[in-house]
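Novice: Can you keep this structure in mind? I'll have questions shortly.
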Amino acid sequence: MTAITTYIAHFYTLFPDQKGVPPWEITPSISSLITKKILDLNTDDYAITGRIAIHRTAVIENGAILKEPLIISGNCFVASHAYLRGGVFLGEGVRIGPGSEIKSSIIGDHSAMAHFNFIGDSIIGEHVNFEAGALIANHYNERSDKTIWVQVNGSRTNTGSIKFGALVGDNSNIGANAVLSPGTLLPRESVVKRLELIEQNN
C-alpha cells in the first residue's frame, strides 16, 4: 500500500501511530483513535464532555447532532442539522454544511462539505471541497459479494472489508451530486465532475 502521505501530506503529524497502516484498516478503529487523542488535548483550548471535545473557537449551530467520540478542532463550523457519528475527527477550519452526515471519518484541515453530503468510513485530506449532494458510498448494497477492493499502483487489492469509503487527497474538488464508490483512492488535486460516478475497482 502506498503511504497515506502520498495522498495527504500531514496525516502522520496528526496520527503518527498509523504509519504503515492502510486506510481501510484505520477507519474501523477511528473511535478508539479519537478517544485516545482526546486524552492529550488541552482543556484550556477544548471543552470536553465525555468523549466529545469541541475547540472553544468552533461554531456549532443549534440542531446539529454530535455523537461521541468526536473531536472538532479550532475555527470549525458545523451547521444546523449536520449529523456526526461513529467516530469523527474534524481538523482546523473544517466546514460541515446543513444536512450533511459524517460517519467514522477523518476530515483534514480547511476542508468543506457544502450541504447534504454523506462521508462514510473515509479519510479526507486538507483543502478538499465537496459541493452540494456529493457522496462517498461505503458499502456495496447491490452486490452479493460485498468485499471492497481498491486500485493501488495499478493493481487490485482486497481490503478484506465490507465497509470502507474513500481516501481523498489534499486539494481535491468533488462536484455536486458526484458519487465516490466504496474503495475510491483519489490522488491530490483530483477534480470530480458534477454528477460523475467514480468506480475504480470493477
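Letters A, B, ... go to the chains of the C-alpha cells in the order shown; residues in each chain start at 1; ligands are counted from 1 in the same order.
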Within 10 Å of Ala9 (chain A), counting only C-alpha atoms, which residues show up once you throw out same-chain ones fewer than 5 positions away? Write them as a list in words, please.
Specialist: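 Counting only the stated atoms, we get Ala3, Ile4, Gly125, Glu126, Gly169, Asp170 and Arg188 of chain A.
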Novice: Could those residues be written to a file, using N, CA, C and O atoms, as an mmCIF file, in the first residue's frame?
Specialist:
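Listing of selection_22.cif after writing:
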data_model
loop_
_atom_site.group_PDB
_atom_site.id
_atom_site.type_symbol
_atom_site.label_atom_id
_atom_site.label_comp_id
_atom_site.auth_asym_id
_atom_site.auth_seq_id
_atom_site.Cartn_x
_atom_site.Cartn_y
_atom_site.Cartn_z
ATOM 1 N N ALA A 3 1.961 4.881 0.951
ATOM 2 C CA ALA A 3 1.769 5.607 2.212
ATOM 3 C C ALA A 3 0.655 6.637 2.069
ATOM 4 O O ALA A 3 0.508 7.266 1.012
ATOM 5 N N ILE A 4 -0.110 6.820 3.138
ATOM 6 C CA ILE A 4 -1.191 7.801 3.114
ATOM 7 C C ILE A 4 -0.649 9.192 2.810
ATOM 8 O O ILE A 4 -1.330 10.014 2.181
ATOM 9 N N GLY A 125 -8.396 14.564 2.909
ATOM 10 C CA GLY A 125 -7.233 15.418 3.081
ATOM 11 C C GLY A 125 -7.574 16.857 3.407
ATOM 12 O O GLY A 125 -8.716 17.200 3.736
ATOM 13 N N GLU A 126 -6.575 17.710 3.283
ATOM 14 C CA GLU A 126 -6.737 19.133 3.564
ATOM 15 C C GLU A 126 -7.215 19.881 2.320
ATOM 16 O O GLU A 126 -6.900 19.489 1.192
ATOM 17 N N GLY A 169 -7.266 12.765 -1.592
ATOM 18 C CA GLY A 169 -6.050 13.540 -1.446
ATOM 19 C C GLY A 169 -6.276 15.026 -1.253
ATOM 20 O O GLY A 169 -7.336 15.568 -1.588
ATOM 21 N N ASP A 170 -5.249 15.679 -0.740
ATOM 22 C CA ASP A 170 -5.288 17.119 -0.487
ATOM 23 C C ASP A 170 -5.690 17.897 -1.745
ATOM 24 O O ASP A 170 -5.356 17.509 -2.873
ATOM 25 N N ARG A 188 -3.917 13.583 -4.862
ATOM 26 C CA ARG A 188 -4.007 15.018 -4.570
ATOM 27 C C ARG A 188 -4.461 15.788 -5.817
ATOM 28 O O ARG A 188 -4.150 15.408 -6.954
#
Novice: Just the residues within 12 Å of region 107-109 of chain A, please, counting only C-alpha atoms, with nothing from its chain fewer than 3 positions along; format it as a PDB file with C-alpha atoms, in the first residue's frame.
Specialist:
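Result went into result.pdb, see below:
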ATOM      1  CA  TYR A   7      -2.357  11.489  -0.714  1.00  0.00           C
ATOM      2  CA  ILE A   8      -2.485  13.574   2.484  1.00  0.00           C
ATOM      3  CA  ALA A   9       0.787  15.327   3.304  1.00  0.00           C
ATOM      4  CA  HIS A  10       0.320  15.899   7.036  1.00  0.00           C
ATOM      5  CA  PHE A  11      -1.691  12.825   8.026  1.00  0.00           C
ATOM      6  CA  TYR A  12       1.007  11.258  10.200  1.00  0.00           C
ATOM      7  CA  THR A  13       1.518  14.549  12.042  1.00  0.00           C
ATOM      8  CA  LEU A  14      -1.973  14.025  13.469  1.00  0.00           C
ATOM      9  CA  PHE A  15      -1.899  10.244  13.735  1.00  0.00           C
ATOM     10  CA  THR A  27     -11.343   3.635   9.598  1.00  0.00           C
ATOM     11  CA  ILE A  30     -11.316   5.583  14.349  1.00  0.00           C
ATOM     12  CA  LEU A  70     -15.720  13.316  18.404  1.00  0.00           C
ATOM     13  CA  ILE A  71     -13.064  15.997  18.066  1.00  0.00           C
ATOM     14  CA  ILE A  72     -13.936  19.345  16.496  1.00  0.00           C
ATOM     15  CA  SER A  73     -10.800  21.456  16.086  1.00  0.00           C
ATOM     16  CA  GLY A  74     -10.285  25.197  16.079  1.00  0.00           C
ATOM     17  CA  ASN A  75     -12.342  27.517  13.874  1.00  0.00           C
ATOM     18  CA  CYS A  76     -14.586  24.726  12.598  1.00  0.00           C
ATOM     19  CA  PHE A  77     -18.183  25.399  11.622  1.00  0.00           C
ATOM     20  CA  LEU A  84     -21.630  13.477  13.136  1.00  0.00           C
ATOM     21  CA  GLY A  87     -16.078   8.454  15.466  1.00  0.00           C
ATOM     22  CA  VAL A  88     -15.330  11.746  13.702  1.00  0.00           C
ATOM     23  CA  PHE A  89     -12.271  13.993  13.653  1.00  0.00           C
ATOM     24  CA  LEU A  90     -12.558  17.478  12.129  1.00  0.00           C
ATOM     25  CA  GLY A  91      -9.262  19.286  11.540  1.00  0.00           C
ATOM     26  CA  GLU A  92      -8.705  23.032  11.766  1.00  0.00           C
ATOM     27  CA  GLY A  93     -11.186  25.229   9.937  1.00  0.00           C
ATOM     28  CA  VAL A  94     -13.403  22.426   8.605  1.00  0.00           C
ATOM     29  CA  ARG A  95     -16.897  23.439   7.483  1.00  0.00           C
ATOM     30  CA  ILE A  96     -19.788  20.974   7.637  1.00  0.00           C
ATOM     31  CA  ILE A 102     -20.182  12.318   8.607  1.00  0.00           C
ATOM     32  CA  LYS A 103     -19.637   8.789   9.892  1.00  0.00           C
ATOM     33  CA  SER A 104     -16.397   7.165  11.111  1.00  0.00           C
ATOM     34  CA  ALA A 112     -15.620  21.675   3.418  1.00  0.00           C
ATOM     35  CA  MET A 113     -18.803  19.683   2.891  1.00  0.00           C
ATOM     36  CA  ILE A 119     -18.994  10.894   4.092  1.00  0.00           C
ATOM     37  CA  GLY A 120     -18.708   7.356   5.462  1.00  0.00           C
ATOM     38  CA  ASP A 121     -15.682   5.379   6.710  1.00  0.00           C
ATOM     39  CA  SER A 122     -13.288   7.693   4.900  1.00  0.00           C
ATOM     40  CA  ILE A 123     -10.117   9.762   5.254  1.00  0.00           C
ATOM     41  CA  ILE A 124     -10.264  13.195   3.636  1.00  0.00           C
ATOM     42  CA  GLY A 125      -7.233  15.418   3.081  1.00  0.00           C
ATOM     43  CA  GLU A 126      -6.737  19.133   3.564  1.00  0.00           C
ATOM     44  CA  HIS A 127      -8.437  21.827   1.459  1.00  0.00           C
ATOM     45  CA  VAL A 128     -10.879  19.342  -0.076  1.00  0.00           C
ATOM     46  CA  ASN A 129     -14.225  20.720  -1.222  1.00  0.00           C
ATOM     47  CA  PHE A 130     -17.428  18.707  -1.609  1.00  0.00           C
ATOM     48  CA  ALA A 166     -12.555   6.662   0.194  1.00  0.00           C
ATOM     49  CA  LEU A 167      -9.118   8.157   0.671  1.00  0.00           C
ATOM     50  CA  VAL A 168      -9.273  11.649  -0.850  1.00  0.00           C
ATOM     51  CA  GLY A 169      -6.050  13.540  -1.446  1.00  0.00           C
ATOM     52  CA  ASP A 170      -5.288  17.119  -0.487  1.00  0.00           C
ATOM     53  CA  ASN A 171      -6.698  19.978  -2.589  1.00  0.00           C
ATOM     54  CA  SER A 172      -9.277  17.832  -4.379  1.00  0.00           C
TER      55      SER A 172
END
Novice: Just to confirm, what's the straight-line distance from CA of Asp40 (chain A) to CA of Phe118 (chain A) in Å (one decimal)?
Specialist: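 Interatomic distance, CA of Asp40 (chain A) to CA of Phe118 (chain A): 28.9 Å.
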Novice: Region 8-171 of chain A: which residues are strand (DSSP E or B) by DSSP, as a PyMOL selection string?
Specialist: chain A and resi 46-49+52-55+59-60+65-66+70-72+77-78+83-90+95-96+101-107+112-113+118-120+123-124+129-130+135-136+148-152+155-161+166-168
Novice: Tell me, as a list in words, which residues lie within 8 Å of Gly63 (chain A), counting only C-alpha atoms; anything in the same chain fewer than 4 positions away does not count.
Specialist: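 Within the cut-off, the hits are Ala79, Ser80, His81 and Ala82 of chain A.
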Novice: Among chain A, which residues carry a DSSP assignment of helix (DSSP H, G or I), reported as an NGL selection string?
Specialist: :A and (4-6 or 11-14 or 16-18 or 23-38)
Novice: Could those residues be written to a file, using C-alpha atoms, as an mmCIF file, in the first residue's frame?
Specialist:
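As a result, selection.cif now contains:
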data_model
loop_
_atom_site.group_PDB
_atom_site.id
_atom_site.type_symbol
_atom_site.label_atom_id
_atom_site.label_comp_id
_atom_site.auth_asym_id
_atom_site.auth_seq_id
_atom_site.Cartn_x
_atom_site.Cartn_y
_atom_site.Cartn_z
ATOM 1 C CA ILE A 4 -1.191 7.801 3.114
ATOM 2 C CA THR A 5 1.169 10.798 2.925
ATOM 3 C CA THR A 6 1.261 10.282 -0.857
ATOM 4 C CA PHE A 11 -1.691 12.825 8.026
ATOM 5 C CA TYR A 12 1.007 11.258 10.200
ATOM 6 C CA THR A 13 1.518 14.549 12.042
ATOM 7 C CA LEU A 14 -1.973 14.025 13.469
ATOM 8 C CA PRO A 16 1.773 9.157 13.986
ATOM 9 C CA ASP A 17 0.872 5.707 15.307
ATOM 10 C CA GLN A 18 -0.818 4.861 11.998
ATOM 11 C CA PRO A 23 -6.652 3.457 5.316
ATOM 12 C CA TRP A 24 -9.238 0.662 5.255
ATOM 13 C CA GLU A 25 -7.693 -0.666 8.479
ATOM 14 C CA ILE A 26 -7.668 2.792 10.083
ATOM 15 C CA THR A 27 -11.343 3.635 9.598
ATOM 16 C CA PRO A 28 -12.685 0.698 11.662
ATOM 17 C CA SER A 29 -10.551 1.855 14.608
ATOM 18 C CA ILE A 30 -11.316 5.583 14.349
ATOM 19 C CA SER A 31 -13.395 5.558 17.533
ATOM 20 C CA SER A 32 -10.515 4.267 19.628
ATOM 21 C CA LEU A 33 -8.019 6.609 17.909
ATOM 22 C CA ILE A 34 -10.173 9.642 18.703
ATOM 23 C CA THR A 35 -10.865 8.503 22.265
ATOM 24 C CA LYS A 36 -7.113 8.229 22.860
ATOM 25 C CA LYS A 37 -6.410 11.579 21.203
ATOM 26 C CA ILE A 38 -8.942 13.383 23.410
#
Novice: Nearest to Ser100 (chain A): which of A:Thr157, A:Asn138, A:Thr49, A:Asn117 is it, counting only C-alpha atoms?
Specialist: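 That would be A:Asn117, the residue with the smallest distance to Ser100 (chain A).
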Novice: For each of A:Ala134, A:Val59, A:Leu185, A:Ala178, take the minimum atom-to-atom distance to Gln151 (chain A), counting only C-alpha atoms, then give the residue where this is smallest.
Specialist: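 Closest to Gln151 (chain A), using only C-alpha atoms: A:Leu185.
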